[in-house]
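Raw work-v4.cif, mmCIF, N, CA, C and O atoms:
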```cif
data_my_file
#
loop_
_atom_site.label_atom_id
_atom_site.label_comp_id
_atom_site.auth_asym_id
_atom_site.auth_seq_id
_atom_site.Cartn_x
_atom_site.Cartn_y
_atom_site.Cartn_z
N MET A 59 216.48 2.82 130.37
CA MET A 59 215.32 2.31 129.68
C MET A 59 214.06 2.53 130.52
O MET A 59 212.97 2.66 129.97
N THR A 60 214.21 2.58 131.81
CA THR A 60 213.07 2.83 132.69
C THR A 60 212.47 4.19 132.37
O THR A 60 213.19 5.17 132.25
N GLY A 61 211.16 4.23 132.22
CA GLY A 61 210.47 5.47 131.90
C GLY A 61 210.14 5.63 130.44
O GLY A 61 209.43 6.56 130.07
N ASN A 62 210.65 4.75 129.60
CA ASN A 62 210.33 4.81 128.17
C ASN A 62 209.00 4.13 127.90
O ASN A 62 208.58 3.23 128.61
N PHE A 63 208.37 4.55 126.82
CA PHE A 63 207.20 3.85 126.32
C PHE A 63 207.68 2.68 125.48
O PHE A 63 208.76 2.74 124.89
N ALA A 64 206.89 1.61 125.42
CA ALA A 64 207.26 0.44 124.61
C ALA A 64 206.00 -0.25 124.12
O ALA A 64 204.99 -0.31 124.82
N PHE A 65 206.08 -0.76 122.88
CA PHE A 65 205.02 -1.56 122.31
C PHE A 65 205.40 -3.03 122.44
O PHE A 65 206.56 -3.40 122.26
N SER A 66 204.41 -3.86 122.70
CA SER A 66 204.62 -5.30 122.73
C SER A 66 204.68 -5.81 121.29
O SER A 66 203.83 -5.47 120.48
N LYS A 67 205.70 -6.61 120.97
CA LYS A 67 205.83 -7.17 119.62
C LYS A 67 205.36 -8.61 119.54
O LYS A 67 205.22 -9.14 118.43
N ALA A 68 205.13 -9.27 120.66
CA ALA A 68 204.75 -10.68 120.65
C ALA A 68 203.82 -10.99 121.81
O ALA A 68 203.81 -10.29 122.82
N GLY A 69 203.04 -12.03 121.64
CA GLY A 69 202.13 -12.47 122.69
C GLY A 69 200.71 -11.99 122.44
O GLY A 69 200.42 -11.35 121.44
N HIS A 70 199.83 -12.31 123.37
CA HIS A 70 198.43 -11.94 123.20
C HIS A 70 198.21 -10.44 123.29
O HIS A 70 197.18 -9.93 122.86
N ASP A 71 199.17 -9.70 123.81
CA ASP A 71 199.07 -8.26 123.94
C ASP A 71 199.83 -7.51 122.83
O ASP A 71 200.16 -6.34 122.97
N LYS A 72 200.08 -8.17 121.71
CA LYS A 72 200.85 -7.60 120.60
C LYS A 72 200.24 -6.26 120.18
O LYS A 72 199.04 -6.14 119.99
N GLY A 73 201.10 -5.24 120.08
CA GLY A 73 200.67 -3.92 119.66
C GLY A 73 200.22 -3.01 120.79
O GLY A 73 199.92 -1.84 120.57
N LYS A 74 200.21 -3.49 122.02
CA LYS A 74 199.75 -2.70 123.17
C LYS A 74 200.88 -1.82 123.68
O LYS A 74 202.04 -2.21 123.71
N LEU A 75 200.52 -0.62 124.08
CA LEU A 75 201.49 0.35 124.59
C LEU A 75 201.62 0.24 126.10
O LEU A 75 200.61 0.17 126.81
N TYR A 76 202.85 0.21 126.59
CA TYR A 76 203.15 0.13 128.01
C TYR A 76 204.19 1.17 128.39
O TYR A 76 204.84 1.76 127.52
N VAL A 77 204.40 1.33 129.69
CA VAL A 77 205.52 2.12 130.23
C VAL A 77 206.45 1.14 130.92
O VAL A 77 206.01 0.27 131.67
N ILE A 78 207.75 1.26 130.65
CA ILE A 78 208.74 0.40 131.30
C ILE A 78 208.97 0.95 132.71
O ILE A 78 209.40 2.09 132.86
N VAL A 79 208.67 0.12 133.72
CA VAL A 79 208.81 0.59 135.11
C VAL A 79 210.05 0.03 135.79
O VAL A 79 210.46 0.55 136.82
N ALA A 80 210.64 -1.02 135.24
CA ALA A 80 211.87 -1.59 135.81
C ALA A 80 212.49 -2.50 134.76
O ALA A 80 211.84 -2.87 133.78
N GLU A 81 213.75 -2.87 134.99
CA GLU A 81 214.42 -3.78 134.06
C GLU A 81 215.42 -4.65 134.79
O GLU A 81 215.95 -4.29 135.84
N GLU A 82 215.65 -5.83 134.22
CA GLU A 82 216.68 -6.76 134.67
C GLU A 82 217.57 -7.04 133.47
O GLU A 82 217.51 -6.33 132.49
N GLN A 83 218.34 -8.12 133.52
CA GLN A 83 219.25 -8.42 132.42
C GLN A 83 218.51 -8.60 131.09
O GLN A 83 218.73 -7.84 130.16
N ASP A 84 217.68 -9.61 130.98
CA ASP A 84 216.98 -9.90 129.73
C ASP A 84 215.51 -9.54 129.77
O ASP A 84 214.79 -9.76 128.81
N TYR A 85 215.04 -8.99 130.88
CA TYR A 85 213.62 -8.73 131.05
C TYR A 85 213.35 -7.27 131.40
O TYR A 85 214.19 -6.58 131.96
N VAL A 86 212.15 -6.84 131.06
CA VAL A 86 211.64 -5.54 131.50
C VAL A 86 210.29 -5.77 132.18
O VAL A 86 209.64 -6.79 131.94
N TYR A 87 209.90 -4.84 133.00
CA TYR A 87 208.61 -4.90 133.66
C TYR A 87 207.76 -3.76 133.12
O TYR A 87 208.19 -2.60 133.15
N LEU A 88 206.59 -4.11 132.61
CA LEU A 88 205.73 -3.17 131.91
C LEU A 88 204.45 -2.92 132.68
O LEU A 88 203.90 -3.81 133.31
N CYS A 89 203.95 -1.71 132.57
CA CYS A 89 202.72 -1.33 133.26
C CYS A 89 201.89 -0.47 132.31
O CYS A 89 202.45 0.35 131.56
N ASP A 90 200.57 -0.66 132.34
CA ASP A 90 199.67 0.20 131.57
C ASP A 90 198.68 0.94 132.45
O ASP A 90 197.92 1.77 131.97
N GLY A 91 198.69 0.65 133.74
CA GLY A 91 197.81 1.33 134.68
C GLY A 91 196.40 0.79 134.72
O GLY A 91 195.61 1.18 135.56
N ARG A 92 196.05 -0.10 133.82
CA ARG A 92 194.71 -0.67 133.78
C ARG A 92 194.75 -2.14 134.17
O ARG A 92 194.40 -2.52 135.27
N LEU A 93 195.15 -2.98 133.24
CA LEU A 93 195.23 -4.41 133.52
C LEU A 93 196.52 -4.78 134.25
O LEU A 93 196.54 -5.64 135.11
N LYS A 94 197.60 -4.15 133.87
CA LYS A 94 198.90 -4.38 134.51
C LYS A 94 199.23 -3.17 135.35
O LYS A 94 199.67 -2.14 134.86
N LYS A 95 198.98 -3.30 136.63
CA LYS A 95 199.15 -2.19 137.56
C LYS A 95 200.61 -2.11 138.03
O LYS A 95 201.39 -3.03 137.84
N ILE A 96 200.93 -1.01 138.67
CA ILE A 96 202.30 -0.76 139.11
C ILE A 96 202.77 -1.77 140.16
O ILE A 96 203.94 -2.11 140.22
N ASP A 97 201.84 -2.30 140.96
CA ASP A 97 202.24 -3.26 141.99
C ASP A 97 202.31 -4.69 141.46
O ASP A 97 202.78 -5.58 142.17
N ALA A 98 201.87 -4.93 140.23
CA ALA A 98 201.96 -6.26 139.61
C ALA A 98 202.23 -6.09 138.11
O ALA A 98 201.38 -6.39 137.27
N PRO A 99 203.43 -5.60 137.74
CA PRO A 99 203.72 -5.34 136.33
C PRO A 99 203.93 -6.62 135.53
O PRO A 99 204.16 -7.69 136.09
N LYS A 100 203.84 -6.48 134.21
CA LYS A 100 204.03 -7.60 133.29
C LYS A 100 205.52 -7.79 133.05
O LYS A 100 206.23 -6.84 132.72
N LYS A 101 206.01 -9.00 133.21
CA LYS A 101 207.41 -9.33 132.94
C LYS A 101 207.50 -9.81 131.50
O LYS A 101 206.78 -10.72 131.09
N LYS A 102 208.38 -9.19 130.71
CA LYS A 102 208.49 -9.53 129.29
C LYS A 102 209.96 -9.45 128.87
O LYS A 102 210.71 -8.60 129.34
N ARG A 103 210.35 -10.35 127.97
CA ARG A 103 211.71 -10.32 127.44
C ARG A 103 211.94 -9.06 126.61
O ARG A 103 211.04 -8.58 125.93
N LYS A 104 213.16 -8.54 126.67
CA LYS A 104 213.48 -7.32 125.93
C LYS A 104 213.32 -7.50 124.42
O LYS A 104 212.94 -6.56 123.74
N LYS A 105 213.56 -8.70 123.93
CA LYS A 105 213.45 -8.92 122.48
C LYS A 105 212.00 -8.92 122.01
O LYS A 105 211.74 -8.84 120.82
N HIS A 106 211.05 -8.96 122.94
CA HIS A 106 209.63 -8.97 122.58
C HIS A 106 208.96 -7.61 122.71
O HIS A 106 207.73 -7.52 122.68
N ILE A 107 209.76 -6.56 122.87
CA ILE A 107 209.19 -5.21 122.93
C ILE A 107 209.88 -4.31 121.92
O ILE A 107 211.02 -4.56 121.52
N GLN A 108 209.18 -3.26 121.50
CA GLN A 108 209.74 -2.22 120.64
C GLN A 108 209.73 -0.93 121.43
O GLN A 108 208.66 -0.41 121.76
N ILE A 109 210.91 -0.44 121.78
CA ILE A 109 211.01 0.76 122.60
C ILE A 109 210.72 1.98 121.73
O ILE A 109 211.21 2.10 120.61
N VAL A 110 209.92 2.88 122.27
CA VAL A 110 209.58 4.13 121.60
C VAL A 110 210.58 5.18 122.06
O VAL A 110 210.95 5.22 123.24
N ASN A 111 211.04 6.01 121.17
CA ASN A 111 212.03 7.03 121.51
C ASN A 111 211.34 8.21 122.18
O ASN A 111 211.40 9.34 121.72
N ARG A 112 210.67 7.94 123.28
CA ARG A 112 209.96 8.96 124.06
C ARG A 112 209.85 8.48 125.49
O ARG A 112 209.62 7.32 125.75
N ARG A 113 210.03 9.40 126.41
CA ARG A 113 209.95 9.07 127.83
C ARG A 113 208.72 9.72 128.45
O ARG A 113 208.15 10.63 127.88
N VAL A 114 208.36 9.24 129.62
CA VAL A 114 207.25 9.82 130.37
C VAL A 114 207.68 11.17 130.92
O VAL A 114 208.84 11.54 130.85
N GLY A 115 206.76 11.89 131.53
CA GLY A 115 207.06 13.20 132.10
C GLY A 115 208.07 13.13 133.23
O GLY A 115 208.29 12.07 133.83
N GLU A 116 208.64 14.26 133.55
CA GLU A 116 209.69 14.33 134.57
C GLU A 116 209.21 13.87 135.94
O GLU A 116 209.93 13.18 136.66
N GLU A 117 208.00 14.26 136.32
CA GLU A 117 207.48 13.89 137.64
C GLU A 117 207.32 12.38 137.76
O GLU A 117 207.73 11.77 138.75
N LEU A 118 206.74 11.76 136.74
CA LEU A 118 206.55 10.31 136.74
C LEU A 118 207.88 9.58 136.67
O LEU A 118 208.11 8.59 137.36
N LEU A 119 208.80 10.09 135.86
CA LEU A 119 210.12 9.48 135.73
C LEU A 119 210.88 9.52 137.06
O LEU A 119 211.50 8.54 137.46
N ALA A 120 210.81 10.64 137.77
CA ALA A 120 211.48 10.75 139.07
C ALA A 120 210.90 9.74 140.06
O ALA A 120 211.65 9.12 140.81
N GLY A 121 209.61 9.56 140.04
CA GLY A 121 208.98 8.58 140.92
C GLY A 121 209.38 7.16 140.59
O GLY A 121 209.58 6.33 141.48
N LEU A 122 209.52 6.85 139.30
CA LEU A 122 209.94 5.51 138.89
C LEU A 122 211.37 5.23 139.32
O LEU A 122 211.70 4.13 139.77
N GLU A 123 212.25 6.21 139.16
CA GLU A 123 213.65 6.02 139.51
C GLU A 123 213.84 5.89 141.02
O GLU A 123 214.70 5.15 141.47
N LYS A 124 213.05 6.60 141.80
CA LYS A 124 213.14 6.52 143.25
C LYS A 124 212.34 5.36 143.82
O LYS A 124 212.35 5.12 145.02
N ARG A 125 211.60 4.67 142.94
CA ARG A 125 210.74 3.55 143.32
C ARG A 125 209.70 3.96 144.36
O ARG A 125 209.41 3.24 145.29
N GLU A 126 209.18 5.16 144.18
CA GLU A 126 208.11 5.63 145.06
C GLU A 126 206.82 4.91 144.70
O GLU A 126 206.68 4.34 143.63
N THR A 127 205.86 4.99 145.60
CA THR A 127 204.56 4.43 145.31
C THR A 127 203.91 5.32 144.25
O THR A 127 203.73 6.51 144.45
N MET A 128 203.61 4.71 143.13
CA MET A 128 203.06 5.46 142.02
C MET A 128 201.57 5.19 141.90
O MET A 128 201.10 4.12 142.24
N LEU A 129 200.86 6.14 141.39
CA LEU A 129 199.46 5.94 141.12
C LEU A 129 199.28 5.43 139.70
O LEU A 129 199.92 5.94 138.78
N ASP A 130 198.45 4.43 139.55
CA ASP A 130 198.20 3.88 138.21
C ASP A 130 197.59 4.94 137.30
O ASP A 130 197.80 4.91 136.09
N GLU A 131 196.88 5.91 137.88
CA GLU A 131 196.29 6.97 137.08
C GLU A 131 197.35 7.81 136.37
O GLU A 131 197.12 8.29 135.27
N GLN A 132 198.50 7.98 137.01
CA GLN A 132 199.58 8.74 136.37
C GLN A 132 200.09 8.03 135.13
O GLN A 132 200.39 8.66 134.12
N ILE A 133 200.19 6.71 135.19
CA ILE A 133 200.65 5.95 134.03
C ILE A 133 199.59 5.95 132.95
O ILE A 133 199.90 6.13 131.77
N LYS A 134 198.33 5.77 133.33
CA LYS A 134 197.24 5.83 132.35
C LYS A 134 197.22 7.18 131.65
O LYS A 134 197.05 7.26 130.44
N TYR A 135 197.41 8.24 132.42
CA TYR A 135 197.41 9.59 131.85
C TYR A 135 198.58 9.78 130.88
O TYR A 135 198.41 10.36 129.81
N ALA A 136 199.76 9.30 131.23
CA ALA A 136 200.94 9.42 130.36
C ALA A 136 200.71 8.68 129.05
O ALA A 136 201.05 9.19 127.97
N ILE A 137 200.13 7.49 129.11
CA ILE A 137 199.85 6.72 127.89
C ILE A 137 198.81 7.44 127.04
O ILE A 137 198.95 7.54 125.82
N LYS A 138 197.79 7.98 127.69
CA LYS A 138 196.74 8.71 126.96
C LYS A 138 197.32 9.93 126.26
O LYS A 138 196.98 10.22 125.11
N GLN A 139 198.20 10.65 126.93
CA GLN A 139 198.83 11.85 126.33
C GLN A 139 199.70 11.47 125.14
O GLN A 139 199.71 12.16 124.14
N TYR A 140 200.45 10.36 125.26
CA TYR A 140 201.28 9.91 124.14
C TYR A 140 200.41 9.56 122.93
O TYR A 140 200.72 9.96 121.81
N GLU A 141 199.33 8.83 123.17
CA GLU A 141 198.45 8.44 122.07
C GLU A 141 197.78 9.66 121.44
O GLU A 141 197.57 9.71 120.23
N LYS A 142 197.46 10.66 122.24
CA LYS A 142 196.84 11.89 121.73
C LYS A 142 197.82 12.65 120.84
O LYS A 142 197.46 13.17 119.79
N GLU A 143 199.09 12.73 121.26
CA GLU A 143 200.12 13.40 120.48
C GLU A 143 200.40 12.68 119.17
O GLU A 143 200.73 13.30 118.17
N LYS A 144 200.29 11.38 119.20
CA LYS A 144 200.60 10.55 118.03
C LYS A 144 199.58 10.76 116.90
O LYS A 144 199.90 10.61 115.74
N GLU A 145 198.34 11.13 117.28
CA GLU A 145 197.28 11.30 116.29
C GLU A 145 197.50 12.48 115.40
O GLU A 145 198.09 13.30 115.27
#
```

What would the structure in this file look like if it were written as structure tokens?
Amino acid sequence: MTGNFAFSKAGHDKGKLYVIVAEEQDYVYLCDGRLKKIDAPKKKRKKHIQIVNRRVGEELLAGLEKRETMLDEQIKYAIKQYEKEKE
């Protein structure tokens, strides 16, 4: 699930697009690169997100899996590219 895009289904951020950067049993950690940065991701229950059947690029995905220090700009860019393709 790490590396997938996801929309928030509940809460004040309903409808916002995030990247899943980590997961636990019932929770995922979401980042958008702007308000929720990679060093302080949003913790949200899995039932409150809608996973998109699309993953981030290979370079970003490899960094997420290795837990390397990621740049928030890379996540912002990935979200921007997804939204551009969706149009």

Name the residues that the PyMOL selection byres ((chain A and resi 65) around 6) picks from the file above, as an mmCIF file with N, CA, C and O atoms, keeping the file's coordinate frame, using the file's chain letters and numbers.
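What landed in out.cif:
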```
data_model
loop_
_atom_site.group_PDB
_atom_site.id
_atom_site.type_symbol
_atom_site.label_atom_id
_atom_site.label_comp_id
_atom_site.auth_asym_id
_atom_site.auth_seq_id
_atom_site.Cartn_x
_atom_site.Cartn_y
_atom_site.Cartn_z
ATOM 1 N N PHE A 63 208.370 4.550 126.820
ATOM 2 C CA PHE A 63 207.200 3.850 126.320
ATOM 3 C C PHE A 63 207.680 2.680 125.480
ATOM 4 O O PHE A 63 208.760 2.740 124.890
ATOM 5 N N ALA A 64 206.890 1.610 125.420
ATOM 6 C CA ALA A 64 207.260 0.440 124.610
ATOM 7 C C ALA A 64 206.000 -0.250 124.120
ATOM 8 O O ALA A 64 204.990 -0.310 124.820
ATOM 9 N N SER A 66 204.410 -3.860 122.700
ATOM 10 C CA SER A 66 204.620 -5.300 122.730
ATOM 11 C C SER A 66 204.680 -5.810 121.290
ATOM 12 O O SER A 66 203.830 -5.470 120.480
ATOM 13 N N LYS A 67 205.700 -6.610 120.970
ATOM 14 C CA LYS A 67 205.830 -7.170 119.620
ATOM 15 C C LYS A 67 205.360 -8.610 119.540
ATOM 16 O O LYS A 67 205.220 -9.140 118.430
ATOM 17 N N GLY A 73 201.100 -5.240 120.080
ATOM 18 C CA GLY A 73 200.670 -3.920 119.660
ATOM 19 C C GLY A 73 200.220 -3.010 120.790
ATOM 20 O O GLY A 73 199.920 -1.840 120.570
ATOM 21 N N LYS A 74 200.210 -3.490 122.020
ATOM 22 C CA LYS A 74 199.750 -2.700 123.170
ATOM 23 C C LYS A 74 200.880 -1.820 123.680
ATOM 24 O O LYS A 74 202.040 -2.210 123.710
ATOM 25 N N LEU A 75 200.520 -0.620 124.080
ATOM 26 C CA LEU A 75 201.490 0.350 124.590
ATOM 27 C C LEU A 75 201.620 0.240 126.100
ATOM 28 O O LEU A 75 200.610 0.170 126.810
ATOM 29 N N TYR A 76 202.850 0.210 126.590
ATOM 30 C CA TYR A 76 203.150 0.130 128.010
ATOM 31 C C TYR A 76 204.190 1.170 128.390
ATOM 32 O O TYR A 76 204.840 1.760 127.520
ATOM 33 N N HIS A 106 211.050 -8.960 122.940
ATOM 34 C CA HIS A 106 209.630 -8.970 122.580
ATOM 35 C C HIS A 106 208.960 -7.610 122.710
ATOM 36 O O HIS A 106 207.730 -7.520 122.680
ATOM 37 N N ILE A 107 209.760 -6.560 122.870
ATOM 38 C CA ILE A 107 209.190 -5.210 122.930
ATOM 39 C C ILE A 107 209.880 -4.310 121.920
ATOM 40 O O ILE A 107 211.020 -4.560 121.520
ATOM 41 N N GLN A 108 209.180 -3.260 121.500
ATOM 42 C CA GLN A 108 209.740 -2.220 120.640
ATOM 43 C C GLN A 108 209.730 -0.930 121.430
ATOM 44 O O GLN A 108 208.660 -0.410 121.760
ATOM 45 N N ILE A 109 210.910 -0.440 121.780
ATOM 46 C CA ILE A 109 211.010 0.760 122.600
ATOM 47 C C ILE A 109 210.720 1.980 121.730
ATOM 48 O O ILE A 109 211.210 2.100 120.610
ATOM 49 N N VAL A 110 209.920 2.880 122.270
ATOM 50 C CA VAL A 110 209.580 4.130 121.600
ATOM 51 C C VAL A 110 210.580 5.180 122.060
ATOM 52 O O VAL A 110 210.950 5.220 123.240
#
```

Practice prompt. Could you expand the PyMOL selection byres (((chain A and resi 140-142 and name CA) around 12) and name CA) into the explicit residues it covers here, written as an MDAnalysis selection string?
Written response: chainID A and resid 62:65 74:77 110:115 133:139 143:145

Output N, CA, C and O atoms for every residue in that selection, as a compact mmCIF listing (two decimals), in the frame of the given file.
```txt
# COMPACT_ATOMS: atom_id res chain seq x y z
N ASN A 62 210.65 4.75 129.60
CA ASN A 62 210.33 4.81 128.17
C ASN A 62 209.00 4.13 127.90
O ASN A 62 208.58 3.23 128.61
N PHE A 63 208.37 4.55 126.82
CA PHE A 63 207.20 3.85 126.32
C PHE A 63 207.68 2.68 125.48
O PHE A 63 208.76 2.74 124.89
N ALA A 64 206.89 1.61 125.42
CA ALA A 64 207.26 0.44 124.61
C ALA A 64 206.00 -0.25 124.12
O ALA A 64 204.99 -0.31 124.82
N PHE A 65 206.08 -0.76 122.88
CA PHE A 65 205.02 -1.56 122.31
C PHE A 65 205.40 -3.03 122.44
O PHE A 65 206.56 -3.40 122.26
N LYS A 74 200.21 -3.49 122.02
CA LYS A 74 199.75 -2.70 123.17
C LYS A 74 200.88 -1.82 123.68
O LYS A 74 202.04 -2.21 123.71
N LEU A 75 200.52 -0.62 124.08
CA LEU A 75 201.49 0.35 124.59
C LEU A 75 201.62 0.24 126.10
O LEU A 75 200.61 0.17 126.81
N TYR A 76 202.85 0.21 126.59
CA TYR A 76 203.15 0.13 128.01
C TYR A 76 204.19 1.17 128.39
O TYR A 76 204.84 1.76 127.52
N VAL A 77 204.40 1.33 129.69
CA VAL A 77 205.52 2.12 130.23
C VAL A 77 206.45 1.14 130.92
O VAL A 77 206.01 0.27 131.67
N VAL A 110 209.92 2.88 122.27
CA VAL A 110 209.58 4.13 121.60
C VAL A 110 210.58 5.18 122.06
O VAL A 110 210.95 5.22 123.24
N ASN A 111 211.04 6.01 121.17
CA ASN A 111 212.03 7.03 121.51
C ASN A 111 211.34 8.21 122.18
O ASN A 111 211.40 9.34 121.72
N ARG A 112 210.67 7.94 123.28
CA ARG A 112 209.96 8.96 124.06
C ARG A 112 209.85 8.48 125.49
O ARG A 112 209.62 7.32 125.75
N ARG A 113 210.03 9.40 126.41
CA ARG A 113 209.95 9.07 127.83
C ARG A 113 208.72 9.72 128.45
O ARG A 113 208.15 10.63 127.88
N VAL A 114 208.36 9.24 129.62
CA VAL A 114 207.25 9.82 130.37
C VAL A 114 207.68 11.17 130.92
O VAL A 114 208.84 11.54 130.85
N GLY A 115 206.76 11.89 131.53
CA GLY A 115 207.06 13.20 132.10
C GLY A 115 208.07 13.13 133.23
O GLY A 115 208.29 12.07 133.83
N ILE A 133 200.19 6.71 135.19
CA ILE A 133 200.65 5.95 134.03
C ILE A 133 199.59 5.95 132.95
O ILE A 133 199.90 6.13 131.77
N LYS A 134 198.33 5.77 133.33
CA LYS A 134 197.24 5.83 132.35
C LYS A 134 197.22 7.18 131.65
O LYS A 134 197.05 7.26 130.44
N TYR A 135 197.41 8.24 132.42
CA TYR A 135 197.41 9.59 131.85
C TYR A 135 198.58 9.78 130.88
O TYR A 135 198.41 10.36 129.81
N ALA A 136 199.76 9.30 131.23
CA ALA A 136 200.94 9.42 130.36
C ALA A 136 200.71 8.68 129.05
O ALA A 136 201.05 9.19 127.97
N ILE A 137 200.13 7.49 129.11
CA ILE A 137 199.85 6.72 127.89
C ILE A 137 198.81 7.44 127.04
O ILE A 137 198.95 7.54 125.82
N LYS A 138 197.79 7.98 127.69
CA LYS A 138 196.74 8.71 126.96
C LYS A 138 197.32 9.93 126.26
O LYS A 138 196.98 10.22 125.11
N GLN A 139 198.20 10.65 126.93
CA GLN A 139 198.83 11.85 126.33
C GLN A 139 199.70 11.47 125.14
O GLN A 139 199.71 12.16 124.14
N GLU A 143 199.09 12.73 121.26
CA GLU A 143 200.12 13.40 120.48
C GLU A 143 200.40 12.68 119.17
O GLU A 143 200.73 13.30 118.17
N LYS A 144 200.29 11.38 119.20
CA LYS A 144 200.60 10.55 118.03
C LYS A 144 199.58 10.76 116.90
O LYS A 144 199.90 10.61 115.74
N GLU A 145 198.34 11.13 117.28
CA GLU A 145 197.28 11.30 116.29
C GLU A 145 197.50 12.48 115.40
O GLU A 145 198.09 13.30 115.27
```

Practice prompt. Identify all residues satisfying the PyMOL selection byres (((chain A and resi 129 and name CA) around 9) and name CA) in the given file; provide them as a VMD selection string.
Written response: chain A and resid 91 95 to 96 127 to 128 130 to 133

Fill in: Computed interatomic separation between atom O of Leu88 in chain A and atom C of Lys100 in chain A (Å)
4.3 Å

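From atom O of Glu81 in chain A back to atom C of Ala68 in chain A, the distance works out to 19.7 Å.
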
Worksheet item: Which distance in Å separates atom C of Arg103 in chain A and atom C of Tyr85 in chain A, to one decimal?
Response: 5.3 Å

DSSP on the backbone: what in range 65-144 of chain A comes out strand (DSSP E), as a short mmCIF file (atom, residue, chain, number, x, y, z; two decimals) with N, CA, C and O atoms, keeping the file's coordinate frame?
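What landed in out_37.cif:
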```cif
data_model
loop_
_atom_site.label_atom_id
_atom_site.label_comp_id
_atom_site.auth_asym_id
_atom_site.auth_seq_id
_atom_site.Cartn_x
_atom_site.Cartn_y
_atom_site.Cartn_z
N PHE A 65 206.08 -0.76 122.88
CA PHE A 65 205.02 -1.56 122.31
C PHE A 65 205.40 -3.03 122.44
O PHE A 65 206.56 -3.40 122.26
N SER A 66 204.41 -3.86 122.70
CA SER A 66 204.62 -5.30 122.73
C SER A 66 204.68 -5.81 121.29
O SER A 66 203.83 -5.47 120.48
N LEU A 75 200.52 -0.62 124.08
CA LEU A 75 201.49 0.35 124.59
C LEU A 75 201.62 0.24 126.10
O LEU A 75 200.61 0.17 126.81
N TYR A 76 202.85 0.21 126.59
CA TYR A 76 203.15 0.13 128.01
C TYR A 76 204.19 1.17 128.39
O TYR A 76 204.84 1.76 127.52
N VAL A 77 204.40 1.33 129.69
CA VAL A 77 205.52 2.12 130.23
C VAL A 77 206.45 1.14 130.92
O VAL A 77 206.01 0.27 131.67
N ILE A 78 207.75 1.26 130.65
CA ILE A 78 208.74 0.40 131.30
C ILE A 78 208.97 0.95 132.71
O ILE A 78 209.40 2.09 132.86
N VAL A 79 208.67 0.12 133.72
CA VAL A 79 208.81 0.59 135.11
C VAL A 79 210.05 0.03 135.79
O VAL A 79 210.46 0.55 136.82
N ALA A 80 210.64 -1.02 135.24
CA ALA A 80 211.87 -1.59 135.81
C ALA A 80 212.49 -2.50 134.76
O ALA A 80 211.84 -2.87 133.78
N GLU A 81 213.75 -2.87 134.99
CA GLU A 81 214.42 -3.78 134.06
C GLU A 81 215.42 -4.65 134.79
O GLU A 81 215.95 -4.29 135.84
N TYR A 85 215.04 -8.99 130.88
CA TYR A 85 213.62 -8.73 131.05
C TYR A 85 213.35 -7.27 131.40
O TYR A 85 214.19 -6.58 131.96
N VAL A 86 212.15 -6.84 131.06
CA VAL A 86 211.64 -5.54 131.50
C VAL A 86 210.29 -5.77 132.18
O VAL A 86 209.64 -6.79 131.94
N TYR A 87 209.90 -4.84 133.00
CA TYR A 87 208.61 -4.90 133.66
C TYR A 87 207.76 -3.76 133.12
O TYR A 87 208.19 -2.60 133.15
N LEU A 88 206.59 -4.11 132.61
CA LEU A 88 205.73 -3.17 131.91
C LEU A 88 204.45 -2.92 132.68
O LEU A 88 203.90 -3.81 133.31
N CYS A 89 203.95 -1.71 132.57
CA CYS A 89 202.72 -1.33 133.26
C CYS A 89 201.89 -0.47 132.31
O CYS A 89 202.45 0.35 131.56
N LYS A 100 203.84 -6.48 134.21
CA LYS A 100 204.03 -7.60 133.29
C LYS A 100 205.52 -7.79 133.05
O LYS A 100 206.23 -6.84 132.72
N LYS A 101 206.01 -9.00 133.21
CA LYS A 101 207.41 -9.33 132.94
C LYS A 101 207.50 -9.81 131.50
O LYS A 101 206.78 -10.72 131.09
N LYS A 102 208.38 -9.19 130.71
CA LYS A 102 208.49 -9.53 129.29
C LYS A 102 209.96 -9.45 128.87
O LYS A 102 210.71 -8.60 129.34
N ARG A 103 210.35 -10.35 127.97
CA ARG A 103 211.71 -10.32 127.44
C ARG A 103 211.94 -9.06 126.61
O ARG A 103 211.04 -8.58 125.93
N ILE A 107 209.76 -6.56 122.87
CA ILE A 107 209.19 -5.21 122.93
C ILE A 107 209.88 -4.31 121.92
O ILE A 107 211.02 -4.56 121.52
N GLN A 108 209.18 -3.26 121.50
CA GLN A 108 209.74 -2.22 120.64
C GLN A 108 209.73 -0.93 121.43
O GLN A 108 208.66 -0.41 121.76
N ILE A 109 210.91 -0.44 121.78
CA ILE A 109 211.01 0.76 122.60
C ILE A 109 210.72 1.98 121.73
O ILE A 109 211.21 2.10 120.61
N VAL A 110 209.92 2.88 122.27
CA VAL A 110 209.58 4.13 121.60
C VAL A 110 210.58 5.18 122.06
O VAL A 110 210.95 5.22 123.24
N ASN A 111 211.04 6.01 121.17
CA ASN A 111 212.03 7.03 121.51
C ASN A 111 211.34 8.21 122.18
O ASN A 111 211.40 9.34 121.72
N ARG A 112 210.67 7.94 123.28
CA ARG A 112 209.96 8.96 124.06
C ARG A 112 209.85 8.48 125.49
O ARG A 112 209.62 7.32 125.75
N ARG A 113 210.03 9.40 126.41
CA ARG A 113 209.95 9.07 127.83
C ARG A 113 208.72 9.72 128.45
O ARG A 113 208.15 10.63 127.88
#
```

Item to complete: Extract, using all atoms listed in the file, all DNA, RNA and protein residues at most 7 Å from Leu118 in chain A, discarding same-chain residues fewer than 5 positions from it, and format them as a VMD selection string.
Response: chain A and resid 61 123 to 124 132

Produce the centre coordinates and the three edge lengths, each in Å to one decimal, of the box along x, y and z that contains all listed atoms of range 78-90 of chain A with 5 Å added on each side, as AutoDock Vina command-line options.
```
--center_x 208.6 --center_y -3.9 --center_z 132.8 --size_x 31.3 --size_y 22.0 --size_z 18.0
```

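Taking the backbone of this structure through DSSP, the residues of chain A that come out as alpha helix (DSSP H) are Glu116, Glu117, Leu118, Leu119, Ala120, Gly121, Leu122, Glu123, Lys124, Asp130, Glu131, Gln132, Ile133, Lys134, Tyr135, Ala136, Ile137, Lys138, Gln139, Tyr140, Glu141, Lys142, Glu143 and Lys144 of chain A.
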